[in-house]
Amino acid sequence: MLTKRIIPCLDVKDNRVVKGVNFLNLRDAGDPVELGARYSDSGADELVFLDITATIRSRKTIVDMVKRVAENVFIPFTVGGGIRTVEQIDELLRSGAEKASVNTAAVQNPALISEAAKRFGNQCVVLAIDARRSKTRTGHWQVCVKAGSEPTDIDVVEWAKRGEDLGAGEILLTSMDADGTQAGYDNALNKAVSDAVNIPVIASGGAGTLDHLYDAVVDGGADAVLMASITHFGNYTITQMKEYLRDRGLPMNL
Amino acid sequence: MIVVIDYSVGNVESVCNAFRHIGCQVELSRDPAQIAKATGLVLPGVAAFGYAMEALGDAAEPVKKAVAGGMPILGICVGHQLLFDESTEYGPHKGLGLIHGTVVGVPPVQTVPHMGWNQVQLPKGMDLFAGLGPAKHFYFAHSYHAQVNDPQAKTAMVDYGSPLTASVQKGNIYGVQFHPEKSSRQGLQVLKNFHEICRR
């Protein structure tokens, strides 16, 4: 049986890990390679690195970072942020990333997902979705792009299904409403998406307590839980999270 | 010196990084002279079986010769699958035939590919797993696995709705279906154990 995964997320800006609340008010959380190596050594199942600068100039910096991460991190890791082309994905995978995540560019050009899946295999392509509760339609969420700054008319559940059809191997689902609040994941959102697709869903945004992690798996149907604030700032260690979930009956890699 | 066979399938650099991290110098090469004087060989691989076998090409013979002479070899993922007689992946394709068995699709009891961390039962007496206890989780990413049909081979299994071969050993020939280079501390321990085996 596959285990449920604990995935620390490292948002990287100007070569530093940062973390904000609702995508704003960033706090420094350290050096990406150092922090990544520490998580790899302390039992994390995977890592996600998101380049939140995502400018043309930052691309080379990110590739260099991925190479240094690969020399020090011995668990699978995903890299995302500003990826627009299959060639960029190729470069990241060749530099040592296991998977690449696409977001805005996939909304603008869904063929990016299918082309990448065909070339590298579905397992290498993660569709990242930034979701915001719809103010007009209850029980619905809208896809936001450009680091969450631009809402679209696209329904999150529909987009996740389409992503799976196009060849995405996994959905990284971030609730913008919950992100950084440490008030719990949006499990209505997680459940709506995990019920709609057959590929793994990574719940993201809102982790604050150990109960939140459990709820995301059991109530939200998530295969993996992603977190930043609660682990970067030392609230819980990876082992504490895993032992807690194992003791409540979930299959964990311990 | 351990030689990692360089045959441009997937990211062989990850395997080299992991060996360097545990203080083991490795060389990436497909040169028959380098292969012949190595202390051990690593056959990595992320690709389809037929493609990998073709890419291995004329490096196959020196590898087989060294292994017949007793040199330890560790196959990883598709490199592990190449150790067997043949594969049905887009096939049939012939493998190196170092261990008898056939590579077949993972039974679709659960989602294929089998991807993520899964627990491998580690039988006593497989020296690749020395010091790791009776079971450990390793990171898998594959759609095919080996059905071992060799009375001289020992195997370690993983349960994914049906039993899959996670590792094989026959004398100096070792294979792991999972990725030790991506399997955290326990993965690095497997590589350390192989390094030790090569120093004997």
# chains A, B, ... in the order shown; residues from 1 in each chain; ligands from 1
call {"tool": "residues_around", "arguments": {"residues": "Gln119 (chain B)", "least_positions_apart": "4", "cutoff": "8 Å", "atoms": "only C-alpha atoms", "output": "VMD selection string"}}
result
(chain A and resid 1 to 2 253) or (chain B and resid 135 to 138 158 to 159)
call {"tool": "residues_around", "arguments": {"residues": "Asp85 (chain B)", "least_positions_apart": "5", "cutoff": "10 Å", "atoms": "only C-alpha atoms", "output": "list of chain:residue names"}}
result
B:His93, B:Lys94, B:Gly95, B:Leu96, B:Gly97, B:Leu98, B:Ile99, B:His100, B:Gly101, B:Thr102, B:Val103, B:Ala146, B:Val148, B:Asn149
call {"tool": "interface_residues", "arguments": {"of": "chain B", "to": "chain A", "cutoff": "7 Å", "atoms": "only C-alpha atoms", "output": "PyMOL selection string"}}
result
chain B and resi 11+14+17-18+116-118+137+159-160+181-185
call {"tool": "closest_residue", "arguments": {"among": "A:Ile89, A:Val156, A:Ala203, A:Leu213", "to": "Val125 (chain A)", "atoms": "only C-alpha atoms"}}
result
A:Ile89
call {"tool": "atom_distance", "arguments": {"atom1": "CA of Gly80 (chain A)", "atom2": "CA of Glu243 (chain A)"}}
result
29.0 Å
call {"tool": "residues_around", "arguments": {"residues": "Cys9 (chain A)", "least_positions_apart": "6", "cutoff": "7 Å", "atoms": "only C-alpha atoms", "output": "MDAnalysis selection string"}}
result
chainID A and resid 47:49 226:228
call {"tool": "write_last_selection", "arguments": {"atoms": "N, CA and C atoms", "output": "PDB file, in the first residue's frame"}}
result
ATOM      1  N   LEU A  47       9.581  17.058  -1.749  1.00  0.00           N
ATOM      2  CA  LEU A  47       9.639  18.505  -1.564  1.00  0.00           C
ATOM      3  C   LEU A  47       9.063  19.180  -2.797  1.00  0.00           C
ATOM      4  N   VAL A  48       8.518  20.374  -2.586  1.00  0.00           N
ATOM      5  CA  VAL A  48       8.103  21.210  -3.708  1.00  0.00           C
ATOM      6  C   VAL A  48       8.825  22.544  -3.592  1.00  0.00           C
ATOM      7  N   PHE A  49       9.483  22.957  -4.662  1.00  0.00           N
ATOM      8  CA  PHE A  49      10.122  24.276  -4.724  1.00  0.00           C
ATOM      9  C   PHE A  49       9.330  25.118  -5.709  1.00  0.00           C
ATOM     10  N   LEU A 226       0.619  19.164   1.864  1.00  0.00           N
ATOM     11  CA  LEU A 226       1.723  20.096   1.689  1.00  0.00           C
ATOM     12  C   LEU A 226       1.626  21.167   2.767  1.00  0.00           C
ATOM     13  N   MET A 227       2.768  21.591   3.267  1.00  0.00           N
ATOM     14  CA  MET A 227       2.745  22.617   4.303  1.00  0.00           C
ATOM     15  C   MET A 227       4.000  23.465   4.200  1.00  0.00           C
ATOM     16  N   ALA A 228       3.931  24.670   4.767  1.00  0.00           N
ATOM     17  CA  ALA A 228       5.095  25.548   4.761  1.00  0.00           C
ATOM     18  C   ALA A 228       5.261  26.170   6.142  1.00  0.00           C
TER      19      ALA A 228
END
call {"tool": "residues_around", "arguments": {"residues": "Ala52 (chain B)", "least_positions_apart": "3", "cutoff": "12 Å", "atoms": "only C-alpha atoms", "output": "ChimeraX atom specification"}}
result
/B:5-10,43-49,55-57,59-60,77-83,87,89,93-96
call {"tool": "write_last_selection", "arguments": {"atoms": "N, CA, C and O atoms", "output": "CSV table (one decimal), in the first residue's frame"}}
result
chain,number,residue,atom,x,y,z
B,5,ILE,N,27.2,3.1,-15.4
B,5,ILE,CA,27.1,3.0,-16.9
B,5,ILE,C,26.4,4.2,-17.5
B,5,ILE,O,25.2,4.5,-17.1
B,6,ASP,N,27.1,4.9,-18.4
B,6,ASP,CA,26.6,6.1,-19.0
B,6,ASP,C,25.9,5.7,-20.3
B,6,ASP,O,26.6,5.4,-21.3
B,7,TYR,N,24.6,5.6,-20.3
B,7,TYR,CA,23.9,5.3,-21.6
B,7,TYR,C,22.7,6.2,-21.8
B,7,TYR,O,21.7,5.8,-22.5
B,8,SER,N,22.9,7.5,-21.3
B,8,SER,CA,21.9,8.5,-21.6
B,8,SER,C,20.4,8.1,-21.5
B,8,SER,O,19.7,8.4,-22.4
B,9,VAL,N,20.1,7.4,-20.5
B,9,VAL,CA,18.6,7.2,-20.2
B,9,VAL,C,18.3,7.8,-18.9
B,9,VAL,O,18.7,7.4,-17.9
B,10,GLY,N,17.5,8.9,-19.0
B,10,GLY,CA,17.1,9.6,-17.8
B,10,GLY,C,18.2,10.3,-17.1
B,10,GLY,O,19.3,10.5,-17.6
B,43,LEU,N,24.0,0.1,-13.0
B,43,LEU,CA,23.2,0.2,-14.2
B,43,LEU,C,21.9,1.0,-13.9
B,43,LEU,O,21.0,0.4,-13.4
B,44,PRO,N,21.9,2.3,-14.1
B,44,PRO,CA,20.7,3.1,-13.7
B,44,PRO,C,19.7,3.0,-14.8
B,44,PRO,O,19.9,2.1,-15.7
B,45,GLY,N,18.7,3.8,-14.8
B,45,GLY,CA,17.8,3.8,-16.0
B,45,GLY,C,16.4,4.3,-15.7
B,45,GLY,O,15.8,3.8,-14.8
B,46,VAL,N,16.0,5.3,-16.5
B,46,VAL,CA,14.6,5.7,-16.5
B,46,VAL,C,14.2,5.8,-17.9
B,46,VAL,O,14.7,6.7,-18.6
B,47,ALA,N,13.5,4.8,-18.4
B,47,ALA,CA,13.1,4.8,-19.8
B,47,ALA,C,12.3,3.5,-20.1
B,47,ALA,O,12.2,2.7,-19.1
B,48,ALA,N,11.9,3.4,-21.3
B,48,ALA,CA,11.2,2.1,-21.6
B,48,ALA,C,12.3,1.0,-21.8
B,48,ALA,O,13.5,1.4,-22.2
B,49,PHE,N,12.0,-0.2,-21.6
B,49,PHE,CA,13.0,-1.3,-21.6
B,49,PHE,C,13.7,-1.4,-23.0
B,49,PHE,O,14.9,-1.5,-23.0
B,55,ALA,N,20.0,1.6,-26.1
B,55,ALA,CA,20.9,2.7,-25.7
B,55,ALA,C,22.2,2.1,-25.1
B,55,ALA,O,23.3,2.6,-25.2
B,56,LEU,N,22.0,0.9,-24.4
B,56,LEU,CA,23.1,0.3,-23.8
B,56,LEU,C,24.1,-0.3,-24.9
B,56,LEU,O,25.3,-0.2,-24.8
B,57,GLY,N,23.5,-0.8,-25.9
B,57,GLY,CA,24.2,-1.2,-27.1
B,57,GLY,C,25.5,-2.0,-26.9
B,57,GLY,O,25.4,-3.0,-26.2
B,59,ALA,N,27.9,-1.5,-25.0
B,59,ALA,CA,28.4,-1.6,-23.6
B,59,ALA,C,27.9,-2.9,-23.0
B,59,ALA,O,28.4,-3.2,-21.9
B,60,ALA,N,26.9,-3.5,-23.6
B,60,ALA,CA,26.3,-4.7,-22.9
B,60,ALA,C,27.4,-5.8,-22.8
B,60,ALA,O,27.4,-6.5,-21.7
B,77,CYS,N,15.9,0.4,-11.1
B,77,CYS,CA,14.7,0.6,-11.9
B,77,CYS,C,14.8,-0.1,-13.2
B,77,CYS,O,14.8,-1.4,-13.2
B,78,VAL,N,14.8,0.6,-14.3
B,78,VAL,CA,14.9,-0.1,-15.6
B,78,VAL,C,16.2,-0.9,-15.7
B,78,VAL,O,16.3,-2.0,-16.3
B,79,GLY,N,17.3,-0.4,-15.1
B,79,GLY,CA,18.6,-1.1,-15.0
B,79,GLY,C,18.4,-2.4,-14.4
B,79,GLY,O,19.1,-3.4,-14.8
B,80,HIS,N,17.6,-2.5,-13.3
B,80,HIS,CA,17.3,-3.8,-12.7
B,80,HIS,C,16.5,-4.7,-13.6
B,80,HIS,O,16.8,-5.9,-13.7
B,81,GLN,N,15.6,-4.1,-14.4
B,81,GLN,CA,14.8,-5.0,-15.3
B,81,GLN,C,15.7,-5.5,-16.4
B,81,GLN,O,15.5,-6.7,-16.9
B,82,LEU,N,16.7,-4.8,-16.8
B,82,LEU,CA,17.6,-5.2,-17.9
B,82,LEU,C,18.4,-6.5,-17.5
B,82,LEU,O,18.9,-7.2,-18.4
B,83,LEU,N,18.5,-6.7,-16.2
B,83,LEU,CA,19.2,-7.9,-15.8
B,83,LEU,C,18.6,-9.2,-16.2
B,83,LEU,O,19.2,-10.3,-16.2
B,87,SER,N,11.6,-8.6,-21.7
B,87,SER,CA,10.5,-7.8,-21.2
B,87,SER,C,9.4,-7.8,-22.2
B,87,SER,O,9.6,-7.8,-23.4
B,89,GLU,N,7.4,-5.1,-22.3
B,89,GLU,CA,7.1,-3.7,-22.5
B,89,GLU,C,7.3,-3.3,-23.9
B,89,GLU,O,8.4,-3.3,-24.4
B,93,HIS,N,11.3,-7.8,-25.9
B,93,HIS,CA,12.7,-7.3,-26.0
B,93,HIS,C,13.6,-8.2,-25.2
B,93,HIS,O,13.2,-8.5,-24.1
B,94,LYS,N,14.7,-8.5,-25.7
B,94,LYS,CA,15.7,-9.3,-25.0
B,94,LYS,C,16.4,-8.5,-24.0
B,94,LYS,O,16.8,-7.3,-24.3
B,95,GLY,N,16.7,-9.0,-22.8
B,95,GLY,CA,17.5,-8.3,-21.8
B,95,GLY,C,18.9,-8.9,-21.7
B,95,GLY,O,19.3,-9.6,-22.7
B,96,LEU,N,19.6,-8.6,-20.6
B,96,LEU,CA,21.0,-9.1,-20.5
B,96,LEU,C,21.0,-10.6,-20.1
B,96,LEU,O,22.0,-11.3,-20.3
call {"tool": "select_by_dssp", "arguments": {"residues": "region 155-188 of chain B", "states": "strand (DSSP E)", "output": "ChimeraX atom specification"}}
result
/B:155-159,163-170,173-176
call {"tool": "write_last_selection", "arguments": {"atoms": "N, CA, C and O atoms", "output": "short mmCIF file (atom, residue, chain, number, x, y, z; two decimals), in the first residue's frame"}}
result
data_model
loop_
_atom_site.label_atom_id
_atom_site.label_comp_id
_atom_site.auth_asym_id
_atom_site.auth_seq_id
_atom_site.Cartn_x
_atom_site.Cartn_y
_atom_site.Cartn_z
N THR B 155 14.72 -12.89 -3.58
CA THR B 155 13.95 -11.69 -3.91
C THR B 155 13.40 -11.03 -2.65
O THR B 155 13.20 -11.68 -1.64
N ALA B 156 13.16 -9.72 -2.77
CA ALA B 156 12.43 -8.97 -1.74
C ALA B 156 11.19 -8.43 -2.43
O ALA B 156 11.25 -7.95 -3.56
N MET B 157 10.04 -8.54 -1.75
CA MET B 157 8.78 -8.19 -2.40
C MET B 157 8.13 -6.96 -1.76
O MET B 157 8.39 -6.59 -0.62
N VAL B 158 7.24 -6.34 -2.56
CA VAL B 158 6.45 -5.21 -2.09
C VAL B 158 5.00 -5.48 -2.48
O VAL B 158 4.75 -6.07 -3.54
N ASP B 159 4.07 -5.10 -1.63
CA ASP B 159 2.67 -5.37 -1.91
C ASP B 159 1.99 -4.14 -2.52
O ASP B 159 1.97 -3.07 -1.92
N PRO B 163 1.67 -9.00 -5.19
CA PRO B 163 3.09 -8.89 -4.85
C PRO B 163 3.94 -8.52 -6.07
O PRO B 163 3.77 -9.09 -7.15
N LEU B 164 4.81 -7.52 -5.89
CA LEU B 164 5.72 -7.11 -6.97
C LEU B 164 7.16 -7.33 -6.49
O LEU B 164 7.45 -7.21 -5.30
N THR B 165 8.05 -7.62 -7.44
CA THR B 165 9.46 -7.80 -7.09
C THR B 165 10.11 -6.44 -6.87
O THR B 165 10.18 -5.62 -7.78
N ALA B 166 10.58 -6.21 -5.64
CA ALA B 166 11.22 -4.93 -5.31
C ALA B 166 12.73 -5.04 -5.45
O ALA B 166 13.40 -4.05 -5.72
N SER B 167 13.27 -6.24 -5.25
CA SER B 167 14.72 -6.40 -5.32
C SER B 167 15.07 -7.86 -5.59
O SER B 167 14.30 -8.77 -5.25
N VAL B 168 16.22 -8.06 -6.21
CA VAL B 168 16.69 -9.40 -6.54
C VAL B 168 18.18 -9.50 -6.28
O VAL B 168 18.90 -8.48 -6.36
N GLN B 169 18.63 -10.68 -5.91
CA GLN B 169 20.07 -10.91 -5.78
C GLN B 169 20.39 -12.33 -6.21
O GLN B 169 19.73 -13.29 -5.82
N LYS B 170 21.40 -12.44 -7.06
CA LYS B 170 21.91 -13.75 -7.46
C LYS B 170 23.43 -13.61 -7.48
O LYS B 170 23.99 -12.97 -8.37
N ILE B 173 25.16 -10.35 -8.50
CA ILE B 173 24.23 -9.54 -9.30
C ILE B 173 23.07 -9.05 -8.42
O ILE B 173 22.36 -9.85 -7.82
N TYR B 174 22.91 -7.73 -8.35
CA TYR B 174 21.90 -7.12 -7.49
C TYR B 174 20.99 -6.22 -8.32
O TYR B 174 21.46 -5.52 -9.22
N GLY B 175 19.71 -6.20 -7.98
CA GLY B 175 18.80 -5.29 -8.66
C GLY B 175 17.78 -4.72 -7.69
O GLY B 175 17.34 -5.43 -6.77
N VAL B 176 17.44 -3.45 -7.86
CA VAL B 176 16.37 -2.84 -7.08
C VAL B 176 15.40 -2.13 -8.02
O VAL B 176 15.82 -1.34 -8.87
#
call {"tool": "residues_around", "arguments": {"residues": "Glu158 (chain A)", "least_positions_apart": "4", "cutoff": "12 Å", "atoms": "only C-alpha atoms", "output": "list in words"}}
result
Ile129, Ala131, His140, Trp141, Gln142, Val143, Asp153, Ile154, Arg162, Gly163, Glu164, Asp165, Ala192, Val193, Ser194, Asp195, Ala196 and Val197 of chain A
call {"tool": "write_last_selection", "arguments": {"atoms": "C-alpha atoms", "output": "CSV table (one decimal), in the first residue's frame"}}
result
chain,number,residue,atom,x,y,z
A,129,ILE,CA,-4.2,25.0,-9.2
A,131,ALA,CA,-8.3,28.1,-6.0
A,140,HIS,CA,-17.7,26.4,-6.3
A,141,TRP,CA,-14.1,27.6,-6.6
A,142,GLN,CA,-12.5,29.7,-9.3
A,143,VAL,CA,-9.1,29.1,-10.8
A,153,ASP,CA,-14.0,32.2,-14.9
A,154,ILE,CA,-12.7,28.6,-14.9
A,162,ARG,CA,-9.5,18.4,-17.8
A,163,GLY,CA,-5.9,18.4,-16.5
A,164,GLU,CA,-6.2,14.7,-15.8
A,165,ASP,CA,-7.5,14.1,-19.3
A,192,ALA,CA,-14.7,18.1,-4.5
A,193,VAL,CA,-11.5,17.7,-6.5
A,194,SER,CA,-10.3,14.3,-5.2
A,195,ASP,CA,-13.8,12.8,-5.8
A,196,ALA,CA,-13.6,14.2,-9.4
A,197,VAL,CA,-10.2,12.8,-10.5
call {"tool": "closest_residue", "arguments": {"among": "A:Thr174, A:Asn190, A:Thr53, A:Thr237", "to": "Val17 (chain A)", "atoms": "only C-alpha atoms"}}
result
A:Thr53
call {"tool": "closest_residue", "arguments": {"among": "B:Leu128, B:Ala141, B:Val42, B:Val67", "to": "Val106 (chain B)", "atoms": "only C-alpha atoms"}}
result
B:Ala141
call {"tool": "atom_distance", "arguments": {"atom1": "CA of Phe23 (chain A)", "atom2": "CA of Gly180 (chain A)"}}
result
7.5 Å
call {"tool": "select_by_dssp", "arguments": {"residues": "region 74-238 of chain A", "states": "alpha helix (DSSP H)", "output": "number ranges by chain"}}
result
A: 86-94, 104-108, 111-120, 156-166, 187-196, 210-218, 229-232, 238
call {"tool": "closest_residue", "arguments": {"among": "B:Gly105, B:Gly171, B:Pro151, B:Pro62", "to": "Asp127 (chain B)", "atoms": "only C-alpha atoms"}}
result
B:Gly171
call {"tool": "residues_around", "arguments": {"residues": "Val102 (chain A)", "least_positions_apart": "4", "cutoff": "7 Å", "atoms": "only C-alpha atoms", "output": "list of chain:residue names"}}
result
A:Gly80, A:Ile83, A:Ala106, A:Val126, A:Leu127, A:Ala128
call {"tool": "residues_around", "arguments": {"residues": "Tyr236 (chain A)", "least_positions_apart": "6", "cutoff": "9 Å", "atoms": "only C-alpha atoms", "output": "PDB file with all heavy atoms, in the first residue's frame"}}
result
ATOM      1  N   THR A 209      -2.234  22.657  12.446  1.00  0.00           N
ATOM      2  CA  THR A 209      -2.118  21.667  13.514  1.00  0.00           C
ATOM      3  C   THR A 209      -2.006  20.273  12.900  1.00  0.00           C
ATOM      4  O   THR A 209      -2.243  20.088  11.704  1.00  0.00           O
ATOM      5  CB  THR A 209      -3.374  21.662  14.416  1.00  0.00           C
ATOM      6  OG1 THR A 209      -4.478  21.175  13.643  1.00  0.00           O
ATOM      7  CG2 THR A 209      -3.698  23.050  14.944  1.00  0.00           C
ATOM      8  N   LEU A 210      -1.682  19.299  13.756  1.00  0.00           N
ATOM      9  CA  LEU A 210      -1.578  17.921  13.278  1.00  0.00           C
ATOM     10  C   LEU A 210      -2.941  17.396  12.842  1.00  0.00           C
ATOM     11  O   LEU A 210      -3.044  16.642  11.876  1.00  0.00           O
ATOM     12  CB  LEU A 210      -0.977  17.037  14.374  1.00  0.00           C
ATOM     13  CG  LEU A 210       0.438  17.442  14.817  1.00  0.00           C
ATOM     14  CD1 LEU A 210       0.905  16.592  15.991  1.00  0.00           C
ATOM     15  CD2 LEU A 210       1.427  17.328  13.663  1.00  0.00           C
ATOM     16  N   ILE A 230       3.965  25.863   9.114  1.00  0.00           N
ATOM     17  CA  ILE A 230       4.073  25.085  10.351  1.00  0.00           C
ATOM     18  C   ILE A 230       5.360  24.275  10.441  1.00  0.00           C
ATOM     19  O   ILE A 230       5.730  23.853  11.518  1.00  0.00           O
ATOM     20  CB  ILE A 230       2.882  24.128  10.616  1.00  0.00           C
ATOM     21  CG1 ILE A 230       2.772  23.046   9.544  1.00  0.00           C
ATOM     22  CG2 ILE A 230       1.606  24.872  10.818  1.00  0.00           C
ATOM     23  CD1 ILE A 230       1.923  21.859  10.032  1.00  0.00           C
TER      24      ILE A 230
END
call {"tool": "atom_distance", "arguments": {"atom1": "CA of Gly187 (chain B)", "atom2": "CA of Tyr139 (chain B)"}}
result
8.5 Å
call {"tool": "closest_residue", "arguments": {"among": "B:Val12, B:Val190, B:Ile35, B:Met53", "to": "Gly131 (chain B)", "atoms": "only C-alpha atoms"}}
result
B:Val190
call {"tool": "closest_residue", "arguments": {"among": "B:Ile22, B:Cys16, B:Val120, B:Val4", "to": "Phe178 (chain B)", "atoms": "only C-alpha atoms"}}
result
B:Val120
call {"tool": "decode", "arguments": {"residues": "region 115-129 of chain B", "atoms": "N, CA, C and O atoms", "output": "mmCIF file, in the first residue's frame"}}
result
data_model
loop_
_atom_site.group_PDB
_atom_site.id
_atom_site.type_symbol
_atom_site.label_atom_id
_atom_site.label_comp_id
_atom_site.auth_asym_id
_atom_site.auth_seq_id
_atom_site.Cartn_x
_atom_site.Cartn_y
_atom_site.Cartn_z
ATOM 1 N N MET B 115 3.545 4.441 -7.976
ATOM 2 C CA MET B 115 4.379 5.597 -7.756
ATOM 3 C C MET B 115 4.228 6.132 -6.349
ATOM 4 O O MET B 115 3.132 6.473 -5.934
ATOM 5 N N GLY B 116 5.321 6.178 -5.611
ATOM 6 C CA GLY B 116 5.305 6.698 -4.258
ATOM 7 C C GLY B 116 6.102 5.790 -3.336
ATOM 8 O O GLY B 116 6.877 4.956 -3.798
ATOM 9 N N TRP B 117 5.877 5.983 -2.032
ATOM 10 C CA TRP B 117 6.626 5.229 -1.027
ATOM 11 C C TRP B 117 5.854 3.984 -0.644
ATOM 12 O O TRP B 117 4.690 4.071 -0.258
ATOM 13 N N ASN B 118 6.499 2.842 -0.735
ATOM 14 C CA ASN B 118 5.842 1.600 -0.360
ATOM 15 C C ASN B 118 6.813 0.740 0.435
ATOM 16 O O ASN B 118 8.034 0.864 0.295
ATOM 17 N N GLN B 119 6.223 -0.132 1.281
ATOM 18 C CA GLN B 119 7.040 -0.892 2.224
ATOM 19 C C GLN B 119 7.541 -2.208 1.611
ATOM 20 O O GLN B 119 6.738 -3.017 1.144
ATOM 21 N N VAL B 120 8.844 -2.390 1.649
ATOM 22 C CA VAL B 120 9.462 -3.607 1.121
ATOM 23 C C VAL B 120 9.791 -4.534 2.284
ATOM 24 O O VAL B 120 10.373 -4.098 3.290
ATOM 25 N N GLN B 121 9.398 -5.794 2.160
ATOM 26 C CA GLN B 121 9.765 -6.805 3.157
ATOM 27 C C GLN B 121 11.187 -7.259 2.845
ATOM 28 O O GLN B 121 11.469 -7.680 1.723
ATOM 29 N N LEU B 122 12.066 -7.159 3.827
ATOM 30 C CA LEU B 122 13.483 -7.430 3.578
ATOM 31 C C LEU B 122 13.881 -8.763 4.203
ATOM 32 O O LEU B 122 14.027 -8.855 5.419
ATOM 33 N N PRO B 123 14.045 -9.804 3.374
ATOM 34 C CA PRO B 123 14.407 -11.096 3.938
ATOM 35 C C PRO B 123 15.842 -11.081 4.466
ATOM 36 O O PRO B 123 16.676 -10.323 3.963
ATOM 37 N N LYS B 124 16.092 -11.911 5.481
ATOM 38 C CA LYS B 124 17.454 -12.025 6.006
ATOM 39 C C LYS B 124 18.341 -12.608 4.911
ATOM 40 O O LYS B 124 17.892 -13.374 4.083
ATOM 41 N N GLY B 125 19.605 -12.215 4.924
ATOM 42 C CA GLY B 125 20.546 -12.837 4.001
ATOM 43 C C GLY B 125 20.680 -12.115 2.672
ATOM 44 O O GLY B 125 21.410 -12.566 1.801
ATOM 45 N N MET B 126 19.957 -10.991 2.485
ATOM 46 C CA MET B 126 20.227 -10.180 1.283
ATOM 47 C C MET B 126 21.137 -9.051 1.751
ATOM 48 O O MET B 126 20.696 -8.124 2.433
ATOM 49 N N ASP B 127 22.414 -9.129 1.385
ATOM 50 C CA ASP B 127 23.384 -8.212 2.006
ATOM 51 C C ASP B 127 23.221 -6.758 1.556
ATOM 52 O O ASP B 127 23.756 -5.845 2.173
ATOM 53 N N LEU B 128 22.433 -6.526 0.512
ATOM 54 C CA LEU B 128 22.136 -5.148 0.094
ATOM 55 C C LEU B 128 21.337 -4.416 1.181
ATOM 56 O O LEU B 128 21.359 -3.195 1.275
ATOM 57 N N PHE B 129 20.613 -5.192 2.010
ATOM 58 C CA PHE B 129 19.736 -4.592 3.012
ATOM 59 C C PHE B 129 20.281 -4.731 4.430
ATOM 60 O O PHE B 129 19.532 -4.600 5.405
#
